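Take a look at the structure below.
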Amino acid sequence: MKQTFLSIVAVLMMALSLSAQDKVTKAVLELGRTDNRTMEHADYIARNIGGRIVGSHMLNHAEEWVIDQFKSWGLEVIVQEAVEIGVGFDRGPWSGRLLSEDGFTLHFGTPAYTAGTRGPQKGKVYLEPKTQREFDRIKGALKGSWVLLETGATSGLAIDASPAADSTRAAQLAEDKEGSVLFYRQMVDAGVLGFIRPSKLPMQVLYNRAMCFNLTMDSLPKACDILLDEHQFAIIKQKAQNREDFQLEFDIRNHFFRGPMKYHNILGVIRGTQYPDEYVMMGSHLDAYDIATGSTDDGQGVCVTMEAARLLAAAGAKPKRSIMFCIWTGEEYGLLGSKFFVESKMIPWDKISNYFNRDGGPLAATSITVPPAMYDDFVKACEPLFDYNPAIPFKVNKRNGEPAARPTRAGGSDHAYFQMNGMPAISFSESDIFGYDFIYRDIWHTEDDLYDKLIPEYMEHSAVVQAVTAYGLANLNHLLSREGLYKD
Ligand SMILES: [Zn+2]
């Protein structure tokens with residue numbers, strides 16, 4: 001009798017918790033359709049904040065905004081300091097003109113942590129001296145001039161102006177490698193305003209690691225490092241070769257300031273009711289290159305992650321285990337935030353069910369491929385998604401064949417350190433299902449990474465997919481199996 005009673009209670013409790021789970025999932029699906037705010041987050045991050053590199057005040061501002069949003073939705077917020085840089089760098093507007101009868105506006109960019117001008121600066125233009133003799137001949141004229149470097153198309157990295165690079169170039173010159181070595185320090189000492197290199201379009205500007213973290217206020221770069229539209233570069237080079245009378249004027253507001261500047265992982269948590277110390281995690285990186293607004297890389301990921309959090313909070317989710325929404329810092333500077341998080345073991349490695357990373361195009365999460373041992377759990381968790389939007393069907397695939405080896409080198413994105421250390425970090429497969437012809441490579445790290453490249457219906461859908469899946473996994477009565485996850 002007693003036993004029957006107990007089992008009736010157990011069945012009732014199960015039914016209750018099942019129906020609570022259904023209610024939350026239903027609410028997420030409904031809110032995802034009727035009150036999806038992914039693009040509100042995107043509007044703020046892409047249009048109000050914009051570029052946000054490590055070293056900038058804008059990245060701190062973005063952090064504060066994320067904290068504020070998470071708190072306003074009732075999440076627990078953990079702020080983990082992960083990156084410190086001695087010298088800060090902010091960017092103001094930049095403009096330039098060719099001053100001649102047939103002058104035009106210049107289309108250019110400068111890598112992060114390179115020198116600006118002191119107000120508008122104009123000067124004549126010279127071609128790069130290739131030999132000591134050429135340098136000696138031109139040296140007197142270089143003060144206050146711009147020098148064209150015929151580097152071919154660049155990858156957007158800054159010229160390495162560090163003392164170590166100076167030594168390397170000096171050694172190469174001593175070895176008689178004249179002709180292929182840049183007379184960088186010599187030209188800077190001769191007083192050039194800056195260097196101009198051709199850039200493919202769309203333009204990409206990055207930074208040079210040797211010149212960020214080791215920089216002090218006493219060792220700031222002096223000469224500008226300009227990447228100019230390759231078509232304009234060709235015209236200006238021709239003019240210089242013709243010895244025409246013209247000047248270039250640049251006004252570049254790149255500001256260095258004394259740090260240290262500190263950056264943080266912002267971790268929003270919906271605390272689990274039964275297994276609070278176990279986690280289903282998802283994340284995206286907040287830092288972004290600043291020639292554009294980091295709208296896709298990785299603004300879209302941040303917005304989707306944040307909206308997944310908001311949807312679950314708004315639906316009143318009280319999952320069995322905790323769900324953590326990770327907004328990482330310093331990804332573009334070497335996965336600094338996620339590496340710090342993993343290595344800090346703030347969450348023990350065996351307590352992580354899975355980490356879902358989102359960093360790439362603004363596409364729709366349409367499937368996930370998992371090891372056989374995880375398959376049933378994922379089917380159960382993702383089941384509400386199968387008929388959610390018939391136009392964007394969702395599928396769980398069982399991985400065929402042998403597992404891949406655990407990666408030994410970090411690359412790609414913030415899932416890397418999870419995988420290298422043996423944790424599951426399986427992400428959704430994303431696709432351009434309606435055929436927007438979106439190609440990430442075309443805009444990645446370029447001046448075209450702007451709000452208008454975002455695809456709202458894909459991003460909004462993905463927020464729902466991430467929320468429902470994470471909630472389903474968090475409600476299992478076990479962590480995901482790691483059997484057959486990696487080869488070793
Ligand atoms: Zn990225």
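Letters for chains follow the order of the structure tokens (A, B, ...), residue numbers begin at 1 for each chain, and ligand numbers begin at 1 in the order shown.
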With only C-alpha atoms and all ligand atoms counted, collect every polymer residue having an atom within 12 Å of ligand 1; state the result as a ChimeraX atom specification.
/A:53,283-289,294-302,327-335,357-362,411-415,440-441,443-445,449
Surrounding residues of A:Ala463 excluding itself and chain neighbours under 5 positions, 7 Å, only C-alpha atoms, as a short mmCIF file (atom, residue, chain, number, x, y, z; two decimals) with N, CA and C atoms, in the first residue's frame:
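What ended up in around_3.cif:
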data_model
loop_
_atom_site.label_atom_id
_atom_site.label_comp_id
_atom_site.auth_asym_id
_atom_site.auth_seq_id
_atom_site.Cartn_x
_atom_site.Cartn_y
_atom_site.Cartn_z
N VAL A 304 22.33 36.62 -30.04
CA VAL A 304 21.60 35.35 -29.98
C VAL A 304 21.75 34.74 -28.58
N THR A 305 22.96 34.74 -28.06
CA THR A 305 23.19 34.20 -26.71
C THR A 305 22.38 34.98 -25.68
N GLU A 307 19.68 36.78 -26.18
CA GLU A 307 18.24 36.58 -26.33
C GLU A 307 17.81 35.21 -25.82
N ALA A 308 18.68 34.21 -26.00
CA ALA A 308 18.35 32.90 -25.44
C ALA A 308 18.18 33.03 -23.92
#
Looking only at the backbone, which of the residues in stretch 331-479 of chain A does DSSP tag as strand (DSSP E), as a list in words?
Ile352, Ser353, Asn354, Tyr355, Phe356, Asn357, Ala364, Ala365, Thr366, Ser367, Ile368, Thr369, Val370, Lys395, Val396, Asn397, Lys398, Ser429, Glu430 and Ser431 of chain A
Do you have the atom CA of A:Arg243-atom CA of A:Leu193 distance handy?
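Spanning atom CA of A:Arg243 to atom CA of A:Leu193 is a straight-line distance of 19.1 Å.
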What lies within 10 Å of A:Ser481 using only C-alpha atoms, ignoring chain neighbours under 4 positions off, as a list in words?
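Listing them by chain and then by number gives Ser353, Asn354, Pro371, Pro372, Ala373, Met374, Tyr375, Asp377, Pro424 and Leu485 of chain A.
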Write the selection just made, keeping N, CA and C atoms, as a PDB file, in the first residue's frame?
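Listing of part.pdb after writing:
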ATOM      1  N   SER A 353      28.102  20.049 -19.052  1.00  0.00           N
ATOM      2  CA  SER A 353      27.383  19.118 -19.901  1.00  0.00           C
ATOM      3  C   SER A 353      27.786  19.327 -21.358  1.00  0.00           C
ATOM      4  N   ASN A 354      27.643  20.546 -21.844  1.00  0.00           N
ATOM      5  CA  ASN A 354      28.143  20.908 -23.177  1.00  0.00           C
ATOM      6  C   ASN A 354      28.293  22.412 -23.219  1.00  0.00           C
ATOM      7  N   PRO A 371      27.668  12.623 -30.891  1.00  0.00           N
ATOM      8  CA  PRO A 371      28.092  11.226 -30.781  1.00  0.00           C
ATOM      9  C   PRO A 371      26.889  10.344 -30.421  1.00  0.00           C
ATOM     10  N   PRO A 372      26.934   9.066 -30.782  1.00  0.00           N
ATOM     11  CA  PRO A 372      25.810   8.159 -30.502  1.00  0.00           C
ATOM     12  C   PRO A 372      25.362   8.195 -29.037  1.00  0.00           C
ATOM     13  N   ALA A 373      26.327   8.293 -28.112  1.00  0.00           N
ATOM     14  CA  ALA A 373      25.975   8.249 -26.688  1.00  0.00           C
ATOM     15  C   ALA A 373      25.174   9.470 -26.234  1.00  0.00           C
ATOM     16  N   MET A 374      25.195  10.532 -27.026  1.00  0.00           N
ATOM     17  CA  MET A 374      24.423  11.737 -26.661  1.00  0.00           C
ATOM     18  C   MET A 374      23.108  11.826 -27.429  1.00  0.00           C
ATOM     19  N   TYR A 375      22.945  10.950 -28.396  1.00  0.00           N
ATOM     20  CA  TYR A 375      21.868  11.124 -29.373  1.00  0.00           C
ATOM     21  C   TYR A 375      20.475  11.192 -28.735  1.00  0.00           C
ATOM     22  N   ASP A 377      19.543  11.849 -25.742  1.00  0.00           N
ATOM     23  CA  ASP A 377      19.363  13.038 -24.897  1.00  0.00           C
ATOM     24  C   ASP A 377      19.108  14.281 -25.745  1.00  0.00           C
ATOM     25  N   PRO A 424      32.917  18.528 -23.783  1.00  0.00           N
ATOM     26  CA  PRO A 424      32.082  18.590 -24.987  1.00  0.00           C
ATOM     27  C   PRO A 424      31.813  20.055 -25.361  1.00  0.00           C
ATOM     28  N   LEU A 485      33.302  10.729 -27.381  1.00  0.00           N
ATOM     29  CA  LEU A 485      33.346  12.150 -27.754  1.00  0.00           C
ATOM     30  C   LEU A 485      34.609  12.460 -28.554  1.00  0.00           C
TER      31      LEU A 485
END
In terms of only C-alpha atoms, the residue from A:Ala223, A:Leu248, A:Ala391, A:Val147 at minimal distance from A:Pro198 is A:Val147
Neighbour list for A:Ile78 as a list of chain:residue names, cut-off 8 Å, only C-alpha atoms, skip fewer than 2 positions in-chain:
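Everything that qualifies: A:Glu76, A:Gln80, A:Ile266, A:Leu267, A:Gly268, A:Val269.
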Give one line per residue of stretch 264-353 of chain A that approaches stretch 417-423 of chain A to at most 12 Å, naming the two atoms of the closest pair and their distance in Å to one decimal, counting only C-alpha atoms; sort by chain then ascending residue number and deliver it as a Markdown table.
| residue | atom | partner | partner_atom | distance |
| --- | --- | --- | --- | --- |
| A:Tyr279 | CA | A:Met423 | CA | 11.8 |
| A:Val280 | CA | A:Met423 | CA | 11.5 |
| A:Met281 | CA | A:Phe418 | CA | 10.9 |
| A:Met282 | CA | A:Phe418 | CA | 11.6 |
| A:Gly283 | CA | A:Phe418 | CA | 11.8 |
| A:Glu331 | CA | A:Tyr417 | CA | 11.6 |
| A:Gly334 | CA | A:Tyr417 | CA | 11.0 |
| A:Leu335 | CA | A:Tyr417 | CA | 8.4 |
| A:Leu336 | CA | A:Tyr417 | CA | 10.0 |
| A:Gly337 | CA | A:Tyr417 | CA | 10.3 |
| A:Ser338 | CA | A:Tyr417 | CA | 7.0 |
| A:Lys339 | CA | A:Tyr417 | CA | 5.7 |
| A:Phe340 | CA | A:Tyr417 | CA | 9.1 |
| A:Phe341 | CA | A:Tyr417 | CA | 9.1 |
| A:Val342 | CA | A:Tyr417 | CA | 6.5 |
| A:Glu343 | CA | A:Tyr417 | CA | 8.3 |
| A:Ser344 | CA | A:Tyr417 | CA | 11.5 |
| A:Lys345 | CA | A:Phe418 | CA | 10.9 |
| A:Ile347 | CA | A:Phe418 | CA | 11.5 |
| A:Pro348 | CA | A:Met423 | CA | 10.4 |
| A:Trp349 | CA | A:Met423 | CA | 6.7 |
| A:Asp350 | CA | A:Met423 | CA | 7.6 |
| A:Lys351 | CA | A:Met423 | CA | 9.4 |
| A:Ile352 | CA | A:Met423 | CA | 7.1 |
| A:Ser353 | CA | A:Met423 | CA | 8.1 |
Save out the residues we just selected, C-alpha atoms, as a PDB file, in the first residue's frame.
ATOM      1  CA  TYR A 279      26.180  23.559 -16.198  1.00  0.00           C
ATOM      2  CA  VAL A 280      24.900  23.690 -19.722  1.00  0.00           C
ATOM      3  CA  MET A 281      26.793  26.553 -21.320  1.00  0.00           C
ATOM      4  CA  MET A 282      26.629  28.717 -24.400  1.00  0.00           C
ATOM      5  CA  GLY A 283      28.642  31.723 -25.466  1.00  0.00           C
ATOM      6  CA  GLU A 331      38.721  36.433 -28.581  1.00  0.00           C
ATOM      7  CA  GLY A 334      43.956  34.875 -28.985  1.00  0.00           C
ATOM      8  CA  LEU A 335      40.802  33.489 -27.294  1.00  0.00           C
ATOM      9  CA  LEU A 336      41.977  35.215 -24.130  1.00  0.00           C
ATOM     10  CA  GLY A 337      38.683  35.253 -22.240  1.00  0.00           C
ATOM     11  CA  SER A 338      37.540  31.682 -22.852  1.00  0.00           C
ATOM     12  CA  LYS A 339      41.066  30.360 -22.279  1.00  0.00           C
ATOM     13  CA  PHE A 340      41.187  32.149 -18.954  1.00  0.00           C
ATOM     14  CA  PHE A 341      37.774  30.796 -17.976  1.00  0.00           C
ATOM     15  CA  VAL A 342      38.638  27.183 -18.804  1.00  0.00           C
ATOM     16  CA  GLU A 343      42.038  27.303 -17.157  1.00  0.00           C
ATOM     17  CA  SER A 344      40.669  29.061 -14.068  1.00  0.00           C
ATOM     18  CA  LYS A 345      38.487  25.964 -13.466  1.00  0.00           C
ATOM     19  CA  ILE A 347      33.592  25.521 -13.084  1.00  0.00           C
ATOM     20  CA  PRO A 348      35.172  22.072 -12.708  1.00  0.00           C
ATOM     21  CA  TRP A 349      35.636  20.462 -16.109  1.00  0.00           C
ATOM     22  CA  ASP A 350      33.577  17.413 -15.243  1.00  0.00           C
ATOM     23  CA  LYS A 351      30.545  19.546 -14.367  1.00  0.00           C
ATOM     24  CA  ILE A 352      30.021  20.909 -17.873  1.00  0.00           C
ATOM     25  CA  SER A 353      27.383  19.118 -19.901  1.00  0.00           C
TER      26      SER A 353
END
When you count only C-alpha atoms, which of these residues is closest to A:Lys453: A:Ala416, A:Ile323, A:Ala292, A:Ala165?
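With only C-alpha atoms as the atom set, the closest residue is A:Ala292.
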Those of stretch 175-338 of chain A in DSSP alpha helix (DSSP H), formatted as a PyMOL selection string:
chain A and resi 184-189+230-241+301-314+336-338
File of the preceding selection, C-alpha atoms, as an mmCIF file, in the first residue's frame:
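So part-v6.cif came out as:
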data_model
loop_
_atom_site.group_PDB
_atom_site.id
_atom_site.type_symbol
_atom_site.label_atom_id
_atom_site.label_comp_id
_atom_site.auth_asym_id
_atom_site.auth_seq_id
_atom_site.Cartn_x
_atom_site.Cartn_y
_atom_site.Cartn_z
ATOM 1 C CA TYR A 184 61.480 51.294 -41.265
ATOM 2 C CA ARG A 185 63.376 52.736 -38.337
ATOM 3 C CA GLN A 186 65.605 54.806 -40.606
ATOM 4 C CA MET A 187 62.598 56.423 -42.240
ATOM 5 C CA VAL A 188 60.860 57.049 -38.907
ATOM 6 C CA ASP A 189 64.022 58.661 -37.579
ATOM 7 C CA GLU A 230 44.487 49.465 -53.812
ATOM 8 C CA HIS A 231 42.912 51.321 -56.745
ATOM 9 C CA GLN A 232 43.650 54.687 -55.172
ATOM 10 C CA PHE A 233 47.099 53.449 -54.248
ATOM 11 C CA ALA A 234 47.818 52.686 -57.908
ATOM 12 C CA ILE A 235 46.759 56.192 -58.990
ATOM 13 C CA ILE A 236 48.866 57.866 -56.325
ATOM 14 C CA LYS A 237 51.846 55.679 -57.076
ATOM 15 C CA GLN A 238 51.610 56.657 -60.750
ATOM 16 C CA LYS A 239 51.511 60.317 -59.797
ATOM 17 C CA ALA A 240 54.562 59.889 -57.595
ATOM 18 C CA GLN A 241 56.410 58.096 -60.378
ATOM 19 C CA GLY A 301 26.486 35.674 -31.637
ATOM 20 C CA VAL A 302 26.295 37.883 -28.562
ATOM 21 C CA CYS A 303 22.746 38.940 -29.458
ATOM 22 C CA VAL A 304 21.602 35.353 -29.983
ATOM 23 C CA THR A 305 23.188 34.200 -26.714
ATOM 24 C CA MET A 306 21.685 37.129 -24.837
ATOM 25 C CA GLU A 307 18.240 36.585 -26.329
ATOM 26 C CA ALA A 308 18.348 32.899 -25.437
ATOM 27 C CA ALA A 309 18.977 34.020 -21.852
ATOM 28 C CA ARG A 310 16.209 36.586 -21.947
ATOM 29 C CA LEU A 311 13.672 34.166 -23.441
ATOM 30 C CA LEU A 312 14.356 31.582 -20.751
ATOM 31 C CA ALA A 313 14.257 34.150 -17.963
ATOM 32 C CA ALA A 314 11.044 35.665 -19.328
ATOM 33 C CA LEU A 336 41.977 35.215 -24.130
ATOM 34 C CA GLY A 337 38.683 35.253 -22.240
ATOM 35 C CA SER A 338 37.540 31.682 -22.852
#
Which residue of A:Gly316, A:Gly179, A:Pro93, A:Gly401 approaches A:Val24 most closely, using only C-alpha atoms
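When distances to A:Val24 are compared using only C-alpha atoms, the smallest one comes from A:Gly316.
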Tell me, in Å to one decimal, how far atom CA of A:Ile291 is from atom CA of A:Glu447.
5.3 Å
